[in-house]
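Shown next: start.cif, given as mmCIF, C-alpha atoms (C1' of nucleotides).
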```cif
data_input
#
loop_
_atom_site.group_PDB
_atom_site.id
_atom_site.type_symbol
_atom_site.label_atom_id
_atom_site.label_comp_id
_atom_site.auth_asym_id
_atom_site.auth_seq_id
_atom_site.Cartn_x
_atom_site.Cartn_y
_atom_site.Cartn_z
ATOM 1 C CA MET A 1 -24.041 -18.039 -4.705
ATOM 2 C CA PRO A 2 -21.494 -15.871 -6.329
ATOM 3 C CA GLU A 3 -19.062 -17.378 -8.766
ATOM 4 C CA LEU A 4 -18.614 -16.100 -12.288
ATOM 5 C CA PRO A 5 -22.028 -17.269 -13.577
ATOM 6 C CA GLU A 6 -24.004 -15.661 -10.796
ATOM 7 C CA VAL A 7 -22.126 -12.398 -11.188
ATOM 8 C CA GLU A 8 -22.618 -12.510 -14.949
ATOM 9 C CA ILE A 9 -26.348 -12.995 -14.515
ATOM 10 C CA LEU A 10 -26.488 -10.121 -12.051
ATOM 11 C CA VAL A 11 -24.561 -7.847 -14.393
ATOM 12 C CA ARG A 12 -26.875 -8.684 -17.297
ATOM 13 C CA HIS A 13 -29.771 -7.862 -15.044
ATOM 14 C CA LEU A 14 -28.366 -4.518 -13.940
ATOM 15 C CA ALA A 15 -26.808 -3.406 -17.226
ATOM 16 C CA PRO A 16 -30.021 -2.091 -18.766
ATOM 17 C CA LEU A 17 -31.329 -0.679 -15.482
ATOM 18 C CA LEU A 18 -28.510 1.440 -14.091
ATOM 19 C CA PRO A 19 -27.173 3.664 -16.904
ATOM 20 C CA GLY A 20 -28.465 7.200 -16.584
ATOM 21 C CA ARG A 21 -29.500 6.860 -12.971
ATOM 22 C CA ARG A 22 -28.207 9.560 -10.656
ATOM 23 C CA ILE A 23 -27.208 8.858 -7.088
ATOM 24 C CA ARG A 24 -28.791 11.320 -4.677
ATOM 25 C CA ALA A 25 -27.442 9.868 -1.465
ATOM 26 C CA VAL A 26 -25.346 6.985 -0.225
ATOM 27 C CA GLN A 27 -25.832 4.960 2.918
ATOM 28 C CA VAL A 28 -23.038 2.709 4.049
ATOM 29 C CA GLY A 29 -24.405 -0.024 6.281
ATOM 30 C CA ARG A 30 -20.985 -1.460 7.093
ATOM 31 C CA PRO A 31 -17.820 0.599 6.684
ATOM 32 C CA ARG A 32 -15.942 -2.643 6.075
ATOM 33 C CA VAL A 33 -17.463 -3.052 2.592
ATOM 34 C CA CYS A 34 -15.639 0.062 1.395
ATOM 35 C CA ARG A 35 -12.224 -1.305 2.360
ATOM 36 C CA PRO A 36 -9.534 -0.264 1.920
ATOM 37 C CA ASP A 37 -11.067 3.191 1.530
ATOM 38 C CA PRO A 38 -12.660 5.088 4.368
ATOM 39 C CA PRO A 39 -16.439 5.095 3.863
ATOM 40 C CA ASP A 40 -16.526 8.870 3.548
ATOM 41 C CA ARG A 41 -14.461 8.739 0.402
ATOM 42 C CA LEU A 42 -16.862 6.383 -1.304
ATOM 43 C CA VAL A 43 -19.852 8.430 -0.178
ATOM 44 C CA GLU A 44 -18.283 11.603 -1.499
ATOM 45 C CA ALA A 45 -17.348 10.031 -4.811
ATOM 46 C CA LEU A 46 -20.763 8.493 -5.415
ATOM 47 C CA THR A 47 -23.040 11.259 -4.224
ATOM 48 C CA GLY A 48 -24.237 13.162 -7.266
ATOM 49 C CA ALA A 49 -22.691 10.683 -9.679
ATOM 50 C CA THR A 50 -24.519 9.073 -12.591
ATOM 51 C CA PHE A 51 -24.213 5.462 -13.661
ATOM 52 C CA ARG A 52 -22.816 4.881 -17.125
ATOM 53 C CA SER A 53 -22.397 1.112 -17.295
ATOM 54 C CA VAL A 54 -21.803 -2.111 -15.412
ATOM 55 C CA THR A 55 -19.539 -4.905 -16.550
ATOM 56 C CA ARG A 56 -18.052 -8.047 -15.068
ATOM 57 C CA ARG A 57 -14.445 -9.102 -14.615
ATOM 58 C CA GLY A 58 -13.967 -12.461 -12.909
ATOM 59 C CA LYS A 59 -16.274 -12.348 -9.916
ATOM 60 C CA TYR A 60 -16.117 -8.554 -9.740
ATOM 61 C CA LEU A 61 -18.669 -6.026 -10.904
ATOM 62 C CA VAL A 62 -17.144 -2.910 -12.421
ATOM 63 C CA PHE A 63 -19.419 0.133 -12.217
ATOM 64 C CA SER A 64 -18.540 3.071 -14.437
ATOM 65 C CA LEU A 65 -19.896 6.440 -13.393
ATOM 66 C CA VAL A 66 -19.538 10.141 -14.061
ATOM 67 C CA ARG A 67 -19.559 12.988 -11.576
ATOM 68 C CA ARG A 68 -18.877 16.598 -12.477
ATOM 69 C CA ARG A 69 -17.696 15.488 -15.914
ATOM 70 C CA ARG A 70 -15.160 13.212 -14.356
ATOM 71 C CA ALA A 71 -15.376 9.507 -15.100
ATOM 72 C CA PHE A 72 -14.485 6.957 -12.455
ATOM 73 C CA GLN A 73 -15.114 3.368 -11.548
ATOM 74 C CA VAL A 74 -16.267 1.489 -8.509
ATOM 75 C CA LEU A 75 -15.559 -2.150 -7.851
ATOM 76 C CA GLY A 76 -18.180 -4.482 -6.438
ATOM 77 C CA HIS A 77 -17.789 -7.993 -5.098
ATOM 78 C CA LEU A 78 -20.426 -10.221 -3.564
ATOM 79 C CA GLY A 79 -18.135 -12.154 -1.254
ATOM 80 C CA MET A 80 -19.904 -15.312 -0.133
ATOM 81 C CA THR A 81 -23.367 -14.014 0.613
ATOM 82 C CA GLY A 82 -23.741 -10.694 -1.165
ATOM 83 C CA ARG A 83 -26.766 -9.711 -3.255
ATOM 84 C CA MET A 84 -27.532 -6.560 -5.175
ATOM 85 C CA TRP A 85 -30.811 -5.386 -6.551
ATOM 86 C CA LEU A 86 -32.876 -2.398 -7.534
ATOM 87 C CA GLU A 87 -36.116 -1.686 -5.756
ATOM 88 C CA ARG A 88 -38.657 1.032 -5.249
ATOM 89 C CA SER A 89 -37.517 3.492 -2.610
ATOM 90 C CA ALA A 90 -39.863 2.476 0.144
ATOM 91 C CA GLY A 91 -39.982 0.215 3.100
ATOM 92 C CA PRO A 92 -37.223 -0.969 5.366
ATOM 93 C CA LEU A 93 -33.710 -1.732 4.201
ATOM 94 C CA PRO A 94 -32.444 -5.246 4.816
ATOM 95 C CA ARG A 95 -31.027 -6.163 8.186
ATOM 96 C CA HIS A 96 -27.588 -6.946 6.779
ATOM 97 C CA LEU A 97 -27.191 -3.802 4.741
ATOM 98 C CA ALA A 98 -23.790 -3.343 3.151
ATOM 99 C CA ALA A 99 -24.781 -0.185 1.267
ATOM 100 C CA ALA A 100 -27.747 1.529 -0.335
ATOM 101 C CA LEU A 101 -27.779 4.113 -3.118
ATOM 102 C CA ASP A 102 -30.689 6.490 -3.273
ATOM 103 C CA LEU A 103 -31.639 6.925 -6.935
ATOM 104 C CA GLY A 104 -34.755 8.960 -6.299
ATOM 105 C CA ARG A 105 -37.832 6.900 -7.023
ATOM 106 C CA GLU A 106 -35.782 3.744 -6.713
ATOM 107 C CA ARG A 107 -32.779 2.569 -4.821
ATOM 108 C CA PHE A 108 -29.883 0.225 -5.361
ATOM 109 C CA VAL A 109 -29.436 -2.173 -2.456
ATOM 110 C CA PHE A 110 -26.354 -4.177 -1.574
ATOM 111 C CA GLU A 111 -27.097 -6.738 1.103
ATOM 112 C CA ASP A 112 -24.481 -9.072 2.528
ATOM 113 C CA VAL A 113 -25.077 -11.307 5.521
ATOM 114 C CA ARG A 114 -21.445 -12.077 6.167
ATOM 115 C CA PHE A 115 -20.052 -8.758 4.919
ATOM 116 C CA PHE A 116 -17.222 -10.359 2.952
ATOM 117 C CA GLY A 117 -18.337 -8.394 -0.084
ATOM 118 C CA ARG A 118 -17.051 -5.094 -1.308
ATOM 119 C CA LEU A 119 -17.976 -1.801 -2.886
ATOM 120 C CA SER A 120 -14.894 0.358 -3.235
ATOM 121 C CA LEU A 121 -12.869 2.776 -5.289
ATOM 122 C CA ASP A 122 -9.866 0.464 -5.219
ATOM 123 C CA LEU A 123 -9.673 -1.220 -8.611
ATOM 124 C CA SER A 124 -6.381 -2.974 -7.943
ATOM 125 C CA PRO A 125 -7.870 -6.434 -7.361
ATOM 126 C CA VAL A 126 -8.968 -6.516 -10.986
ATOM 127 C CA GLU A 127 -5.451 -5.951 -12.241
ATOM 128 C CA ALA A 128 -4.271 -9.104 -10.513
ATOM 129 C CA LEU A 129 -6.833 -11.293 -12.266
ATOM 130 C CA GLY A 130 -5.948 -13.949 -14.791
ATOM 131 C CA PRO A 131 -7.744 -14.339 -18.133
ATOM 132 C CA GLU A 132 -11.485 -14.610 -18.624
ATOM 133 C CA PRO A 133 -12.454 -18.246 -19.177
ATOM 134 C CA LEU A 134 -15.370 -17.281 -21.422
ATOM 135 C CA ASP A 135 -13.078 -15.322 -23.726
ATOM 136 C CA PRO A 136 -12.965 -17.309 -26.978
ATOM 137 C CA ALA A 137 -9.206 -16.802 -27.072
ATOM 138 C CA TRP A 138 -8.739 -18.601 -23.764
ATOM 139 C CA ASP A 139 -7.823 -22.253 -24.253
ATOM 140 C CA GLY A 140 -5.773 -25.145 -22.936
ATOM 141 C CA ALA A 141 -2.515 -23.487 -23.898
ATOM 142 C CA ALA A 142 -3.453 -20.314 -22.047
ATOM 143 C CA LEU A 143 -4.344 -22.348 -18.992
ATOM 144 C CA ALA A 144 -1.111 -24.348 -19.225
ATOM 145 C CA ALA A 145 0.923 -21.162 -19.480
ATOM 146 C CA ARG A 146 -0.468 -19.872 -16.194
ATOM 147 C CA LEU A 147 -0.144 -23.202 -14.420
ATOM 148 C CA GLY A 148 3.511 -23.410 -15.312
ATOM 149 C CA ARG A 149 5.304 -26.157 -13.448
ATOM 150 C CA SER A 150 3.384 -25.657 -10.262
ATOM 151 C CA THR A 151 3.266 -28.616 -7.927
ATOM 152 C CA ARG A 152 0.075 -27.397 -6.319
ATOM 153 C CA PRO A 153 -2.994 -29.589 -6.746
ATOM 154 C CA ILE A 154 -4.922 -28.598 -9.855
ATOM 155 C CA LYS A 155 -8.088 -27.981 -7.844
ATOM 156 C CA VAL A 156 -6.266 -25.441 -5.688
ATOM 157 C CA CYS A 157 -4.896 -23.732 -8.804
ATOM 158 C CA LEU A 158 -8.372 -23.343 -10.261
ATOM 159 C CA LEU A 159 -9.361 -21.309 -7.208
ATOM 160 C CA ASP A 160 -6.401 -18.978 -7.792
ATOM 161 C CA GLN A 161 -7.933 -15.969 -9.527
ATOM 162 C CA ALA A 162 -4.593 -15.087 -11.108
ATOM 163 C CA ILE A 163 -4.610 -18.323 -13.093
ATOM 164 C CA VAL A 164 -8.128 -18.046 -14.411
ATOM 165 C CA ALA A 165 -10.690 -15.488 -13.263
ATOM 166 C CA GLY A 166 -14.077 -16.384 -11.900
ATOM 167 C CA VAL A 167 -13.863 -20.064 -11.014
ATOM 168 C CA GLY A 168 -14.931 -20.759 -7.447
ATOM 169 C CA ASN A 169 -15.248 -23.793 -5.235
ATOM 170 C CA ILE A 170 -18.358 -25.214 -6.878
ATOM 171 C CA TYR A 171 -17.309 -24.983 -10.502
ATOM 172 C CA ALA A 172 -13.722 -26.043 -9.813
ATOM 173 C CA SER A 173 -14.991 -29.463 -8.715
ATOM 174 C CA GLU A 174 -17.551 -29.575 -11.506
ATOM 175 C CA ALA A 175 -15.033 -28.775 -14.232
ATOM 176 C CA LEU A 176 -12.512 -31.342 -13.021
ATOM 177 C CA HIS A 177 -15.189 -34.009 -13.005
ATOM 178 C CA ARG A 178 -16.246 -33.136 -16.517
ATOM 179 C CA ALA A 179 -12.632 -33.232 -17.686
ATOM 180 C CA ARG A 180 -12.114 -36.516 -15.790
ATOM 181 C CA ILE A 181 -9.083 -35.170 -13.934
ATOM 182 C CA ALA A 182 -8.378 -35.962 -10.271
ATOM 183 C CA PRO A 183 -8.376 -32.807 -8.128
ATOM 184 C CA THR A 184 -5.112 -33.781 -6.449
ATOM 185 C CA ARG A 185 -3.058 -33.945 -9.644
ATOM 186 C CA PRO A 186 -0.025 -31.621 -9.535
ATOM 187 C CA ALA A 187 -1.018 -28.774 -11.845
ATOM 188 C CA GLY A 188 2.297 -28.643 -13.648
ATOM 189 C CA ARG A 189 2.099 -32.267 -14.658
ATOM 190 C CA LEU A 190 -1.057 -32.248 -16.707
ATOM 191 C CA ARG A 191 -0.655 -33.325 -20.303
ATOM 192 C CA HIS A 192 -1.543 -31.134 -23.261
ATOM 193 C CA ALA A 193 -4.722 -33.072 -23.908
ATOM 194 C CA GLU A 194 -5.724 -32.592 -20.292
ATOM 195 C CA HIS A 195 -5.147 -28.847 -20.411
ATOM 196 C CA ALA A 196 -7.408 -28.689 -23.426
ATOM 197 C CA ALA A 197 -10.063 -30.877 -21.837
ATOM 198 C CA LEU A 198 -9.989 -28.886 -18.621
ATOM 199 C CA ALA A 199 -10.175 -25.495 -20.308
ATOM 200 C CA ALA A 200 -13.113 -26.724 -22.362
ATOM 201 C CA ALA A 201 -14.801 -28.174 -19.279
ATOM 202 C CA ILE A 202 -14.380 -24.935 -17.354
ATOM 203 C CA ARG A 203 -15.882 -22.949 -20.179
ATOM 204 C CA GLU A 204 -18.770 -25.365 -20.614
ATOM 205 C CA VAL A 205 -19.620 -25.583 -16.954
ATOM 206 C CA LEU A 206 -19.603 -21.799 -16.556
ATOM 207 C CA ALA A 207 -21.481 -21.133 -19.782
ATOM 208 C CA GLU A 208 -24.132 -23.680 -18.928
ATOM 209 C CA ALA A 209 -24.597 -22.138 -15.508
ATOM 210 C CA VAL A 210 -25.053 -18.706 -17.068
ATOM 211 C CA ALA A 211 -27.488 -20.068 -19.637
ATOM 212 C CA GLY A 212 -29.364 -22.125 -17.085
ATOM 213 C CA GLY A 213 -29.576 -19.247 -14.674
ATOM 214 C CA SER A 214 -30.758 -16.947 -17.409
ATOM 215 C CA THR A 215 -33.596 -19.223 -18.349
ATOM 216 C CA VAL A 216 -34.777 -18.854 -14.807
ATOM 217 C CA PRO A 217 -36.609 -15.557 -14.929
ATOM 218 C CA LEU A 218 -34.793 -12.923 -12.931
ATOM 219 C CA ASP A 219 -38.133 -12.081 -11.511
ATOM 220 C CA HIS A 220 -38.612 -8.510 -12.528
ATOM 221 C CA ARG A 221 -42.189 -8.611 -11.355
ATOM 222 C CA ALA A 222 -43.112 -5.256 -10.014
ATOM 223 C CA GLY A 223 -46.290 -6.998 -8.950
ATOM 224 C CA THR A 224 -46.983 -7.728 -5.359
ATOM 225 C CA ASP A 225 -44.470 -5.613 -3.554
ATOM 226 C CA GLY A 226 -42.983 -3.489 -6.266
ATOM 227 C CA LEU A 227 -39.556 -5.070 -5.998
ATOM 228 C CA TYR A 228 -37.096 -5.932 -8.673
ATOM 229 C CA TYR A 229 -35.329 -9.003 -7.530
ATOM 230 C CA TYR A 230 -32.050 -10.514 -8.295
ATOM 231 C CA GLY A 231 -31.468 -14.033 -7.141
ATOM 232 C CA ARG A 232 -32.835 -17.428 -7.897
ATOM 233 C CA ALA A 233 -36.450 -17.764 -7.174
ATOM 234 C CA ALA A 234 -37.453 -20.597 -4.885
ATOM 235 C CA GLU A 235 -38.393 -22.802 -7.806
ATOM 236 C CA ALA A 236 -35.032 -22.221 -9.441
ATOM 237 C CA GLY A 237 -33.188 -23.689 -6.504
ATOM 238 C CA ALA A 238 -34.037 -27.232 -7.505
ATOM 239 C CA ASP A 239 -32.812 -26.772 -11.056
ATOM 240 C CA TYR A 240 -29.613 -25.277 -9.775
ATOM 241 C CA GLY A 241 -28.841 -28.300 -7.626
ATOM 242 C CA GLU A 242 -29.741 -30.770 -10.330
ATOM 243 C CA ARG A 243 -27.165 -29.280 -12.659
ATOM 244 C CA LEU A 244 -24.292 -30.079 -10.344
ATOM 245 C CA ALA A 245 -22.652 -33.461 -10.953
ATOM 246 C CA VAL A 246 -20.424 -33.689 -7.882
ATOM 247 C CA TYR A 247 -20.531 -30.580 -5.707
ATOM 248 C CA ASP A 248 -22.195 -31.245 -2.359
ATOM 249 C CA ARG A 249 -23.052 -34.789 -3.455
ATOM 250 C CA GLU A 250 -20.833 -36.748 -1.063
ATOM 251 C CA GLY A 251 -21.959 -40.374 -0.918
ATOM 252 C CA ALA A 252 -24.374 -39.950 -3.818
ATOM 253 C CA PRO A 253 -23.818 -41.968 -7.012
ATOM 254 C CA CYS A 254 -21.725 -40.464 -9.792
ATOM 255 C CA LEU A 255 -24.075 -39.547 -12.622
ATOM 256 C CA THR A 256 -21.596 -41.045 -15.067
ATOM 257 C CA CYS A 257 -20.500 -44.337 -13.472
ATOM 258 C CA GLY A 258 -22.538 -44.780 -10.306
ATOM 259 C CA ARG A 259 -19.583 -44.812 -7.954
ATOM 260 C CA SER A 260 -20.013 -42.935 -4.692
ATOM 261 C CA ILE A 261 -18.880 -39.312 -4.817
ATOM 262 C CA ARG A 262 -16.139 -38.501 -2.374
ATOM 263 C CA ARG A 263 -15.522 -35.349 -0.349
ATOM 264 C CA SER A 264 -12.052 -34.241 0.663
ATOM 265 C CA VAL A 265 -10.438 -31.034 1.861
ATOM 266 C CA GLN A 266 -7.820 -29.073 -0.089
ATOM 267 C CA ALA A 267 -6.456 -25.752 1.053
ATOM 268 C CA GLY A 268 -9.155 -25.734 3.680
ATOM 269 C CA ARG A 269 -12.038 -26.085 1.247
ATOM 270 C CA SER A 270 -14.266 -28.974 0.277
ATOM 271 C CA THR A 271 -13.520 -30.813 -2.924
ATOM 272 C CA PHE A 272 -15.890 -33.338 -4.480
ATOM 273 C CA HIS A 273 -14.889 -35.925 -7.039
ATOM 274 C CA CYS A 274 -15.614 -39.359 -8.433
ATOM 275 C CA PRO A 275 -12.747 -41.740 -7.615
ATOM 276 C CA ARG A 276 -13.488 -43.842 -10.689
ATOM 277 C CA CYS A 277 -14.038 -41.193 -13.363
ATOM 278 C CA GLN A 278 -11.248 -38.959 -12.087
ATOM 279 C CA ARG A 279 -7.811 -40.466 -11.692
ATOM 280 C "C1'" DC B 1 -22.049 -26.839 21.340
ATOM 281 C "C1'" DA B 2 -19.860 -28.492 16.835
ATOM 282 C "C1'" DC B 3 -19.202 -28.066 12.135
ATOM 283 C "C1'" DC B 4 -20.159 -26.269 7.678
ATOM 284 C "C1'" DA B 5 -20.669 -22.480 4.104
ATOM 285 C "C1'" DT B 6 -20.498 -19.908 -3.134
ATOM 286 C "C1'" DG B 7 -14.412 -15.660 -1.143
ATOM 287 C "C1'" DT B 8 -10.216 -13.030 -0.336
ATOM 288 C "C1'" DT B 9 -6.274 -11.640 2.279
ATOM 289 C "C1'" DC B 10 -2.815 -11.770 5.611
ATOM 290 C "C1'" DC B 11 0.476 -14.143 8.481
ATOM 291 C "C1'" DT B 12 3.308 -17.918 9.771
ATOM 292 C "C1'" DT B 13 5.828 -21.889 8.834
ATOM 293 C "C1'" DG B 14 8.718 -24.821 6.203
ATOM 294 C "C1'" DC C 1 12.348 -16.318 -2.407
ATOM 295 C "C1'" DC C 2 8.394 -19.423 -2.854
ATOM 296 C "C1'" DA C 3 4.860 -22.625 -1.548
ATOM 297 C "C1'" DA C 4 1.599 -24.373 1.659
ATOM 298 C "C1'" DG C 5 -1.332 -24.116 5.536
ATOM 299 C "C1'" DG C 6 -4.092 -21.752 8.725
ATOM 300 C "C1'" DA C 7 -6.527 -18.012 10.566
ATOM 301 C "C1'" DA C 8 -9.277 -14.103 10.122
ATOM 302 C "C1'" DC C 9 -13.225 -11.635 8.525
ATOM 303 C "C1'" DA C 10 -18.996 -12.209 10.308
ATOM 304 C "C1'" DT C 11 -23.154 -14.553 10.366
ATOM 305 C "C1'" DG C 12 -26.394 -18.130 9.851
ATOM 306 C "C1'" DG C 13 -27.947 -22.993 8.970
ATOM 307 C "C1'" DT C 14 -28.032 -27.780 10.309
#
```

Spell out the structure here as structure tokens.
Amino acid sequence: MPELPEVEILVRHLAPLLPGRRIRAVQVGRPRVCRPDPPDRLVEALTGATFRSVTRRGKYLVFSLVRRRRAFQVLGHLGMTGRMWLERSAGPLPRHLAAALDLGRERFVFEDVRFFGRLSLDLSPVEALGPEPLDPAWDGAALAARLGRSTRPIKVCLLDQAIVAGVGNIYASEALHRARIAPTRPAGRLRHAEHAALAAAIREVLAEAVAGGSTVPLDHRAGTDGLYYYGRAAEAGADYGERLAVYDREGAPCLTCGRSIRRSVQAGRSTFHCPRCQR
DNA sequence: CACCATGTTCCTTG
DNA sequence: CCAAGGAACATGGT
């Protein structure tokens, strides 16, 4: 579930919980998540460190910590299936453990079924990111500037994190539908009005997802099993699906015009669009 | 068994 | 040199 909105919701959840917590021990479940660093380096850096803050950049989580008076940062990414949460230090760790940080009474758990995610000292991926779409200064002109005269399909460009940070496969299709732009349009040939409409649509779609996700309680219940969860609760799943106008709705009627939603493949990934609304 | 999956990166081909 | 396409990564769901 991780595109910008999901990461933003996670960061808002963790931001008030992590600062001040000291890491007593680090367990790396899969060395791969530390790439390109050797696991030992991450373990050494984190052991004894104290969390200062957590922020988001694109789909990345940026953890700021201090150890022996020295400040440093760690980059987190959820990949396709990653989840992070804080829980009481008891009971078994998840089967697909990427990493776990012992905070004393509680622990920070990073689970990732497919292990595409990351927790590393290498901050370089963040430097390659394009602008933040939720930044008020980001607009159609900023989008146009990054698109340049590219002949790539606009949908493919939206997945390029150097053009705009945080848009993934779901919201790329959603934003194009809202802006009424066909996903196959060469990016460099959009008109000014379309750049503006698309930038606005991207911002709206992402902001609504953050707002919608936030209204779904993050489930901090320490009730039954003493866990602090991150992730949509079962009941939130329905709401989540209902908010999507085209993604994963192949054959279903367009919510705007009724025409059947079409699925295609671009750059190896599914694209969904309405052939009538988007041309 | 086949195909699909919210992401990123590397390699090959044109 | 750049763009585009495909494969790889690893695992699970349908």

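As for CA of Ile202 (chain A) and CA of Val7 (chain A), they are spaced 16.0 Å apart.
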
Apply the PyMOL selection byres ((chain B) within 12 of (chain A)) to the file shown and report the selected residues as a list in words.
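So the PyMOL selection byres ((chain B) within 12 of (chain A)), applied here, picks out DC4, DA5, DT6, DG7, DT8 and DT9 of chain B.
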
I need the output of the PyMOL selection byres ((chain C) within 10 of (chain A)) for this file as a PyMOL selection string; which residues are they?
chain C and resi 3-6+9-12

Can those selected residues be exported to a file as a PDB file, keeping the file's coordinate frame so that it contains C-alpha atoms (C1' of nucleotides)?
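What follows is the written file selection.pdb:
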```pdb
ATOM      1  C1'  DA C   3       4.860 -22.625  -1.548  1.00  0.00           C
ATOM      2  C1'  DA C   4       1.599 -24.373   1.659  1.00  0.00           C
ATOM      3  C1'  DG C   5      -1.332 -24.116   5.536  1.00  0.00           C
ATOM      4  C1'  DG C   6      -4.092 -21.752   8.725  1.00  0.00           C
ATOM      5  C1'  DC C   9     -13.225 -11.635   8.525  1.00  0.00           C
ATOM      6  C1'  DA C  10     -18.996 -12.209  10.308  1.00  0.00           C
ATOM      7  C1'  DT C  11     -23.154 -14.553  10.366  1.00  0.00           C
ATOM      8  C1'  DG C  12     -26.394 -18.130   9.851  1.00  0.00           C
TER       9       DG C  12
END
```

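The coordinates place CA of Glu87 (chain A) at 10.9 Å from CA of Leu17 (chain A).
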
Near Arg57 (chain A), counting all atoms listed in the file, which residues have an atom at most 8 Å away, once you skip same-chain residues fewer than 5 positions from it, shown as a PyMOL selection string?
chain A and resi 62+126+132+165-166

Can I get the selected residues back with C-alpha atoms, as a PDB file, in the coordinates of the input?
```
ATOM      1  CA  VAL A  62     -17.144  -2.910 -12.421  1.00  0.00           C
ATOM      2  CA  VAL A 126      -8.968  -6.516 -10.986  1.00  0.00           C
ATOM      3  CA  GLU A 132     -11.485 -14.610 -18.624  1.00  0.00           C
ATOM      4  CA  ALA A 165     -10.690 -15.488 -13.263  1.00  0.00           C
ATOM      5  CA  GLY A 166     -14.077 -16.384 -11.900  1.00  0.00           C
TER       6      GLY A 166
END
```

Quick one, how far is CA of Leu18 (chain A) from CA of Phe51 (chain A)?
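CA of Phe51 (chain A) lies 5.9 Å from CA of Leu18 (chain A).
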
I need the residue set behind the PyMOL selection byres ((chain C and resi 7) around 9) for this file; please write it as a VMD selection string.
(chain B and resid 10 to 11) or (chain C and resid 6 8)

Using all atoms of region 4-12 of chain B listed in the file and a margin of 8 Å per side, can you give the axis-aligned box centre and edge lengths in Å to one decimal, as JSON?
```
{"center_x": -8.7, "center_y": -19.0, "center_z": 3.3, "size_x": 40.0, "size_y": 30.6, "size_z": 28.9}
```
